[in-house]
$ cat structure_5.csv   # CSV, C-alpha atoms
chain,number,residue,atom,x,y,z
A,1,GLY,CA,148.8,139.4,102.7
A,2,LEU,CA,146.1,138.3,105.2
A,3,ARG,CA,145.4,134.6,105.5
A,4,ALA,CA,143.9,132.2,108.0
A,5,GLU,CA,144.0,128.5,108.3
A,6,ILE,CA,140.7,126.8,107.7
A,7,GLY,CA,139.5,125.7,111.1
A,8,LEU,CA,136.1,124.1,110.3
A,9,PRO,CA,137.4,120.5,110.4
A,10,ARG,CA,139.1,121.2,113.7
A,11,ASP,CA,136.0,122.8,115.1
A,12,GLN,CA,133.9,119.8,114.0
A,13,ALA,CA,136.4,117.4,115.5
A,14,TRP,CA,136.2,119.3,118.8
A,15,ALA,CA,132.4,119.2,118.7
A,16,THR,CA,132.5,115.5,118.0
A,17,ALA,CA,134.8,115.0,121.0
A,18,VAL,CA,132.6,117.0,123.3
A,19,THR,CA,129.4,115.4,122.3
A,20,SER,CA,130.8,111.9,122.7
A,21,LEU,CA,131.0,112.6,126.4
A,22,GLN,CA,128.1,111.6,128.6
A,23,ARG,CA,129.7,113.2,131.6
A,24,GLY,CA,133.2,114.7,132.1
A,25,LEU,CA,135.5,117.4,131.0
A,26,ALA,CA,136.8,117.9,127.5
A,27,VAL,CA,140.2,119.7,127.5
A,28,ALA,CA,142.1,121.1,124.5
A,29,VAL,CA,145.6,122.6,124.9
A,30,ASP,CA,147.4,124.6,122.3
A,31,TYR,CA,149.8,127.5,121.8
A,32,ALA,CA,146.7,129.3,120.8
A,33,HIS,CA,145.3,132.6,119.9
A,34,THR,CA,141.8,134.1,119.7
A,35,VAL,CA,139.9,134.9,116.6
A,36,ALA,CA,140.3,138.6,117.4
A,37,ALA,CA,144.0,138.3,117.9
A,38,ARG,CA,144.7,136.0,114.9
A,39,PRO,CA,148.1,136.8,113.5
A,40,PRO,CA,147.7,138.6,110.2
A,41,PHE,CA,149.9,136.2,108.3
A,42,GLY,CA,148.6,133.0,109.9
A,43,THR,CA,150.4,130.6,112.1
A,44,LEU,CA,151.2,127.9,109.6
A,45,THR,CA,154.7,126.6,110.6
A,46,GLY,CA,156.9,123.8,109.5
A,47,PHE,CA,159.2,121.7,111.7
A,48,ARG,CA,162.1,119.5,110.5
A,49,GLU,CA,164.3,117.7,113.0
A,50,GLY,CA,162.9,119.8,115.8
A,51,ARG,CA,163.6,123.2,114.2
A,52,GLY,CA,161.3,125.7,112.6
A,53,THR,CA,161.3,125.8,108.8
A,54,ALA,CA,159.1,127.0,105.9
A,55,PRO,CA,155.8,125.0,105.9
A,56,VAL,CA,156.2,123.2,102.6
A,57,PRO,CA,153.6,120.5,102.0
A,58,ASP,CA,156.0,118.1,100.3
A,59,GLY,CA,156.4,115.6,103.1
A,60,SER,CA,159.9,116.9,104.1
A,61,CYS,CA,158.6,118.5,107.3
A,62,ASP,CA,155.8,118.4,109.9
A,63,ILE,CA,153.3,121.2,109.4
A,64,THR,CA,151.2,122.7,112.2
A,65,ALA,CA,149.1,125.8,112.9
A,66,HIS,CA,148.0,127.4,116.1
A,67,VAL,CA,144.3,127.0,117.1
A,68,ALA,CA,141.8,129.8,117.7
A,69,LEU,CA,140.4,128.1,120.8
A,70,ASP,CA,137.5,130.5,121.0
A,71,ALA,CA,136.4,129.3,117.6
A,72,CYS,CA,136.4,125.7,118.9
A,73,ALA,CA,134.4,126.8,121.9
A,74,ALA,CA,131.6,128.1,119.8
A,75,LEU,CA,129.5,124.9,119.8
A,76,ASP,CA,126.0,124.7,118.6
A,77,PRO,CA,123.7,126.4,121.3
A,78,ALA,CA,121.2,123.6,120.7
A,79,LEU,CA,123.6,121.3,122.6
A,80,ARG,CA,122.7,123.2,125.8
A,81,LEU,CA,126.1,122.7,127.3
A,82,PRO,CA,127.5,125.1,129.9
A,83,GLU,CA,129.8,127.8,128.6
A,84,ALA,CA,133.3,126.7,127.9
A,85,LEU,CA,136.2,128.2,129.8
A,86,LEU,CA,139.2,129.6,128.0
A,87,CYS,CA,142.3,130.3,130.1
A,88,THR,CA,146.0,130.1,130.1
A,89,GLN,CA,147.9,127.0,131.2
A,90,ARG,CA,149.3,129.2,134.0
A,91,ASP,CA,145.8,130.0,135.3
A,92,ALA,CA,144.5,126.5,134.9
A,93,LEU,CA,147.4,124.9,136.8
A,94,ARG,CA,147.3,127.5,139.6
A,95,ALA,CA,143.5,126.9,139.9
A,96,LEU,CA,144.4,123.2,140.3
A,97,GLY,CA,146.9,124.1,143.1
A,98,LEU,CA,150.2,124.1,141.2
A,99,ILE,CA,152.0,127.1,142.6
A,100,GLY,CA,155.7,126.6,141.9
A,101,ALA,CA,156.8,128.5,145.0
A,102,ARG,CA,160.2,127.8,146.4
A,103,PRO,CA,160.1,125.8,149.6
A,104,PRO,CA,161.3,127.6,152.7
A,105,LEU,CA,165.1,127.7,153.0
A,106,THR,CA,164.9,126.5,156.6
A,107,PHE,CA,163.6,123.2,155.2
A,108,ALA,CA,167.0,122.6,153.6
A,109,SER,CA,168.7,122.2,156.9
A,110,THR,CA,166.0,120.2,158.6
A,111,HIS,CA,165.0,117.9,155.8
A,112,PRO,CA,167.6,118.2,153.0
A,113,THR,CA,166.4,115.4,150.8
A,114,ALA,CA,162.8,116.5,151.0
A,115,TYR,CA,163.9,120.1,150.3
A,116,VAL,CA,165.7,119.0,147.1
A,117,ARG,CA,162.6,117.2,145.9
A,118,ALA,CA,160.4,120.1,146.7
A,119,LEU,CA,162.8,122.5,145.0
A,120,SER,CA,162.8,120.3,141.9
A,121,THR,CA,158.9,120.2,141.9
A,122,ALA,CA,158.8,124.0,142.3
A,123,GLY,CA,161.2,124.4,139.3
A,124,GLU,CA,159.0,122.1,137.1
A,125,ALA,CA,155.9,124.0,138.2
A,126,ALA,CA,157.6,127.3,137.4
A,127,GLU,CA,158.5,126.1,133.9
A,128,LEU,CA,154.9,124.9,133.3
A,129,THR,CA,153.5,128.3,134.3
A,130,ALA,CA,156.2,130.6,133.0
A,131,SER,CA,155.1,133.8,131.2
A,132,GLY,CA,156.4,133.8,127.7
A,133,GLY,CA,156.7,130.1,127.7
A,134,LEU,CA,154.6,127.0,128.6
A,135,GLY,CA,152.4,129.0,130.9
A,136,ASP,CA,151.0,130.9,127.9
A,137,PHE,CA,149.5,127.8,126.3
A,138,GLY,CA,145.8,128.2,125.9
A,139,TRP,CA,143.4,125.8,127.6
A,140,LEU,CA,139.8,125.2,126.4
A,141,LEU,CA,137.7,123.3,129.0
A,142,GLN,CA,134.2,122.2,128.2
A,143,PRO,CA,132.3,120.5,131.0
A,144,VAL,CA,129.6,118.0,130.1
A,145,GLY,CA,127.2,117.1,132.9
A,146,ILE,CA,129.5,118.4,135.6
A,147,GLU,CA,130.6,121.7,137.1
A,148,ASN,CA,133.8,123.1,135.7
A,149,PRO,CA,136.5,122.1,138.2
A,150,LEU,CA,138.5,125.3,137.6
A,151,LEU,CA,135.7,127.6,138.7
$ encode --input "structure_5.csv" --output "structure tokens"
Amino acid sequence: GLRAEIGLPRDQAWATAVTSLQRGLAVAVDYAHTVAARPPFGTLTGFREGRGTAPVPDGSCDITAHVALDACAALDPALRLPEALLCTQRDALRALGLIGARPPLTFASTHPTAYVRALSTAGEAAELTASGGLGDFGWLLQPVGIENPLL
């Protein structure tokens, strides 16, 4: 019953993307897992009209599989690149300053329009960083010729 999606083409594509940079930050985002926490029955999933379905390779649905981001990060040591950073979207966005905290309620009476905008922004940030939701997406960051901006 154990199976795993073949990741070699994906890993090679990541290595090609990273090595094409002269300077910058390569970023991959996926509803990922690690090699050690790979689901025993794989992550192969089908989608038809926005709903999950059996992954049947007959053209009737889109087929996807989650990525083991740590496998992608294992680039050839001969490339002499700094170590890649694996983190959650929540941690990455917080490191970039996206907090999602509700604005002070007193702001509502002094600047109501700005308060509503700030409240909307906080709600969007909360959605992007939510545990059990979008905040759990995995991020793989590989700096090339720069310091990692999240460190």
$ residues_around --input "structure_5.csv" --residues "range 130-136 of chain A" --least-positions-apart "2" --cutoff "7 Å" --atoms "all atoms listed in the file" --output "MDAnalysis selection string"
chainID A and resid 88:90 126:128 138
$ atom_distance --input "structure_5.csv" --atom1 "CA of Val35 in chain A" --atom2 "CA of Asp70 in chain A"
6.7 Å
$ atom_distance --input "structure_5.csv" --atom1 "CA of Gly7 in chain A" --atom2 "CA of Ser20 in chain A"
20.0 Å
$ residues_around --input "structure_5.csv" --residues "range 71-86 of chain A" --least-positions-apart "4" --cutoff "7 Å" --atoms "all atoms listed in the file" --output "PyMOL selection string"
chain A and resi 11+14-15+35+139-144
$ atom_distance --input "structure_5.csv" --atom1 "CA of Ala125 in chain A" --atom2 "CA of Ala101 in chain A"
8.2 Å
$ closest_residue --input "structure_5.csv" --among "A:Cys61, A:Val56, A:Leu69, A:Leu93" --to "Ala37 in chain A" --atoms "all atoms listed in the file"
A:Leu69
$ residues_near_point --input "structure_5.csv" --point "(134.5, 118.6, 130.5)" --cutoff "9 Å" --atoms "only C-alpha atoms" --output "JSON list (two decimals) with C-alpha atoms, keeping the file's coordinate frame"
[["chain", "number", "residue", "atom", "x", "y", "z"],
["A", 18, "VAL", "CA", 132.60, 117.00, 123.30],
["A", 21, "LEU", "CA", 131.00, 112.60, 126.40],
["A", 23, "ARG", "CA", 129.70, 113.20, 131.60],
["A", 24, "GLY", "CA", 133.20, 114.70, 132.10],
["A", 25, "LEU", "CA", 135.50, 117.40, 131.00],
["A", 26, "ALA", "CA", 136.80, 117.90, 127.50],
["A", 27, "VAL", "CA", 140.20, 119.70, 127.50],
["A", 84, "ALA", "CA", 133.30, 126.70, 127.90],
["A", 141, "LEU", "CA", 137.70, 123.30, 129.00],
["A", 142, "GLN", "CA", 134.20, 122.20, 128.20],
["A", 143, "PRO", "CA", 132.30, 120.50, 131.00],
["A", 144, "VAL", "CA", 129.60, 118.00, 130.10],
["A", 145, "GLY", "CA", 127.20, 117.10, 132.90],
["A", 146, "ILE", "CA", 129.50, 118.40, 135.60],
["A", 147, "GLU", "CA", 130.60, 121.70, 137.10],
["A", 148, "ASN", "CA", 133.80, 123.10, 135.70],
["A", 149, "PRO", "CA", 136.50, 122.10, 138.20]]
$ closest_residue --input "structure_5.csv" --among "A:Ala54, A:Pro103, A:Pro9, A:Ala68" --to "Val29 in chain A" --atoms "all atoms listed in the file"
A:Ala68
$ residues_around --input "structure_5.csv" --residues "Thr45 in chain A" --least-positions-apart "3" --cutoff "9 Å" --atoms "all atoms listed in the file" --output "ChimeraX atom specification"
/A:42,52-56,62-66
$ closest_residue --input "structure_5.csv" --among "A:Tyr31, A:Phe47, A:Phe41, A:Tyr115" --to "Val67 in chain A" --atoms "only C-alpha atoms"
A:Tyr31
$ closest_residue --input "structure_5.csv" --among "A:Ala17, A:Ala114, A:Ile99, A:Leu44" --to "Thr129 in chain A" --atoms "all atoms listed in the file"
A:Ile99
$ closest_residue --input "structure_5.csv" --among "A:Ile6, A:Ala92, A:Ala122, A:Leu98" --to "Thr43 in chain A" --atoms "only C-alpha atoms"
A:Ile6
$ decode --input "structure_5.csv" --residues "range 83-100 of chain A" --atoms "N, CA and C atoms" --output "PDB file, in the first residue's frame"
ATOM      1  N   GLU A  83      22.715  27.282   2.306  1.00  0.00           N
ATOM      2  CA  GLU A  83      21.665  26.327   2.636  1.00  0.00           C
ATOM      3  C   GLU A  83      20.293  26.952   2.398  1.00  0.00           C
ATOM      4  N   ALA A  84      19.407  26.178   1.823  1.00  0.00           N
ATOM      5  CA  ALA A  84      18.040  26.636   1.580  1.00  0.00           C
ATOM      6  C   ALA A  84      17.293  26.707   2.905  1.00  0.00           C
ATOM      7  N   LEU A  85      16.274  27.533   2.936  1.00  0.00           N
ATOM      8  CA  LEU A  85      15.430  27.677   4.115  1.00  0.00           C
ATOM      9  C   LEU A  85      14.072  27.079   3.813  1.00  0.00           C
ATOM     10  N   LEU A  86      13.626  26.179   4.676  1.00  0.00           N
ATOM     11  CA  LEU A  86      12.278  25.629   4.602  1.00  0.00           C
ATOM     12  C   LEU A  86      11.486  26.203   5.763  1.00  0.00           C
ATOM     13  N   CYS A  87      10.309  26.732   5.483  1.00  0.00           N
ATOM     14  CA  CYS A  87       9.470  27.271   6.551  1.00  0.00           C
ATOM     15  C   CYS A  87       8.022  27.248   6.092  1.00  0.00           C
ATOM     16  N   THR A  88       7.128  27.583   7.000  1.00  0.00           N
ATOM     17  CA  THR A  88       5.722  27.688   6.632  1.00  0.00           C
ATOM     18  C   THR A  88       5.454  29.077   6.065  1.00  0.00           C
ATOM     19  N   GLN A  89       4.365  29.189   5.327  1.00  0.00           N
ATOM     20  CA  GLN A  89       3.961  30.498   4.819  1.00  0.00           C
ATOM     21  C   GLN A  89       3.735  31.459   5.982  1.00  0.00           C
ATOM     22  N   ARG A  90       3.166  30.961   7.066  1.00  0.00           N
ATOM     23  CA  ARG A  90       2.931  31.787   8.255  1.00  0.00           C
ATOM     24  C   ARG A  90       4.239  32.406   8.739  1.00  0.00           C
ATOM     25  N   ASP A  91       5.281  31.578   8.892  1.00  0.00           N
ATOM     26  CA  ASP A  91       6.571  32.084   9.381  1.00  0.00           C
ATOM     27  C   ASP A  91       7.218  33.038   8.378  1.00  0.00           C
ATOM     28  N   ALA A  92       7.111  32.709   7.085  1.00  0.00           N
ATOM     29  CA  ALA A  92       7.707  33.571   6.057  1.00  0.00           C
ATOM     30  C   ALA A  92       7.043  34.942   6.042  1.00  0.00           C
ATOM     31  N   LEU A  93       5.717  34.961   6.048  1.00  0.00           N
ATOM     32  CA  LEU A  93       5.018  36.244   5.985  1.00  0.00           C
ATOM     33  C   LEU A  93       5.213  37.064   7.260  1.00  0.00           C
ATOM     34  N   ARG A  94       5.275  36.390   8.387  1.00  0.00           N
ATOM     35  CA  ARG A  94       5.540  37.129   9.640  1.00  0.00           C
ATOM     36  C   ARG A  94       6.946  37.715   9.633  1.00  0.00           C
ATOM     37  N   ALA A  95       7.915  36.961   9.091  1.00  0.00           N
ATOM     38  CA  ALA A  95       9.282  37.484   8.997  1.00  0.00           C
ATOM     39  C   ALA A  95       9.350  38.698   8.073  1.00  0.00           C
ATOM     40  N   LEU A  96       8.429  38.758   7.111  1.00  0.00           N
ATOM     41  CA  LEU A  96       8.371  39.895   6.191  1.00  0.00           C
ATOM     42  C   LEU A  96       7.521  41.043   6.745  1.00  0.00           C
ATOM     43  N   GLY A  97       7.000  40.864   7.964  1.00  0.00           N
ATOM     44  CA  GLY A  97       6.275  41.950   8.628  1.00  0.00           C
ATOM     45  C   GLY A  97       4.760  41.871   8.542  1.00  0.00           C
ATOM     46  N   LEU A  98       4.213  40.803   7.959  1.00  0.00           N
ATOM     47  CA  LEU A  98       2.761  40.653   7.880  1.00  0.00           C
ATOM     48  C   LEU A  98       2.272  40.006   9.165  1.00  0.00           C
ATOM     49  N   ILE A  99       1.604  40.770   9.987  1.00  0.00           N
ATOM     50  CA  ILE A  99       1.205  40.280  11.308  1.00  0.00           C
ATOM     51  C   ILE A  99      -0.254  39.836  11.335  1.00  0.00           C
ATOM     52  N   GLY A 100      -1.150  40.639  10.811  1.00  0.00           N
ATOM     53  CA  GLY A 100      -2.567  40.279  10.838  1.00  0.00           C
ATOM     54  C   GLY A 100      -3.250  40.643  12.130  1.00  0.00           C
TER      55      GLY A 100
END
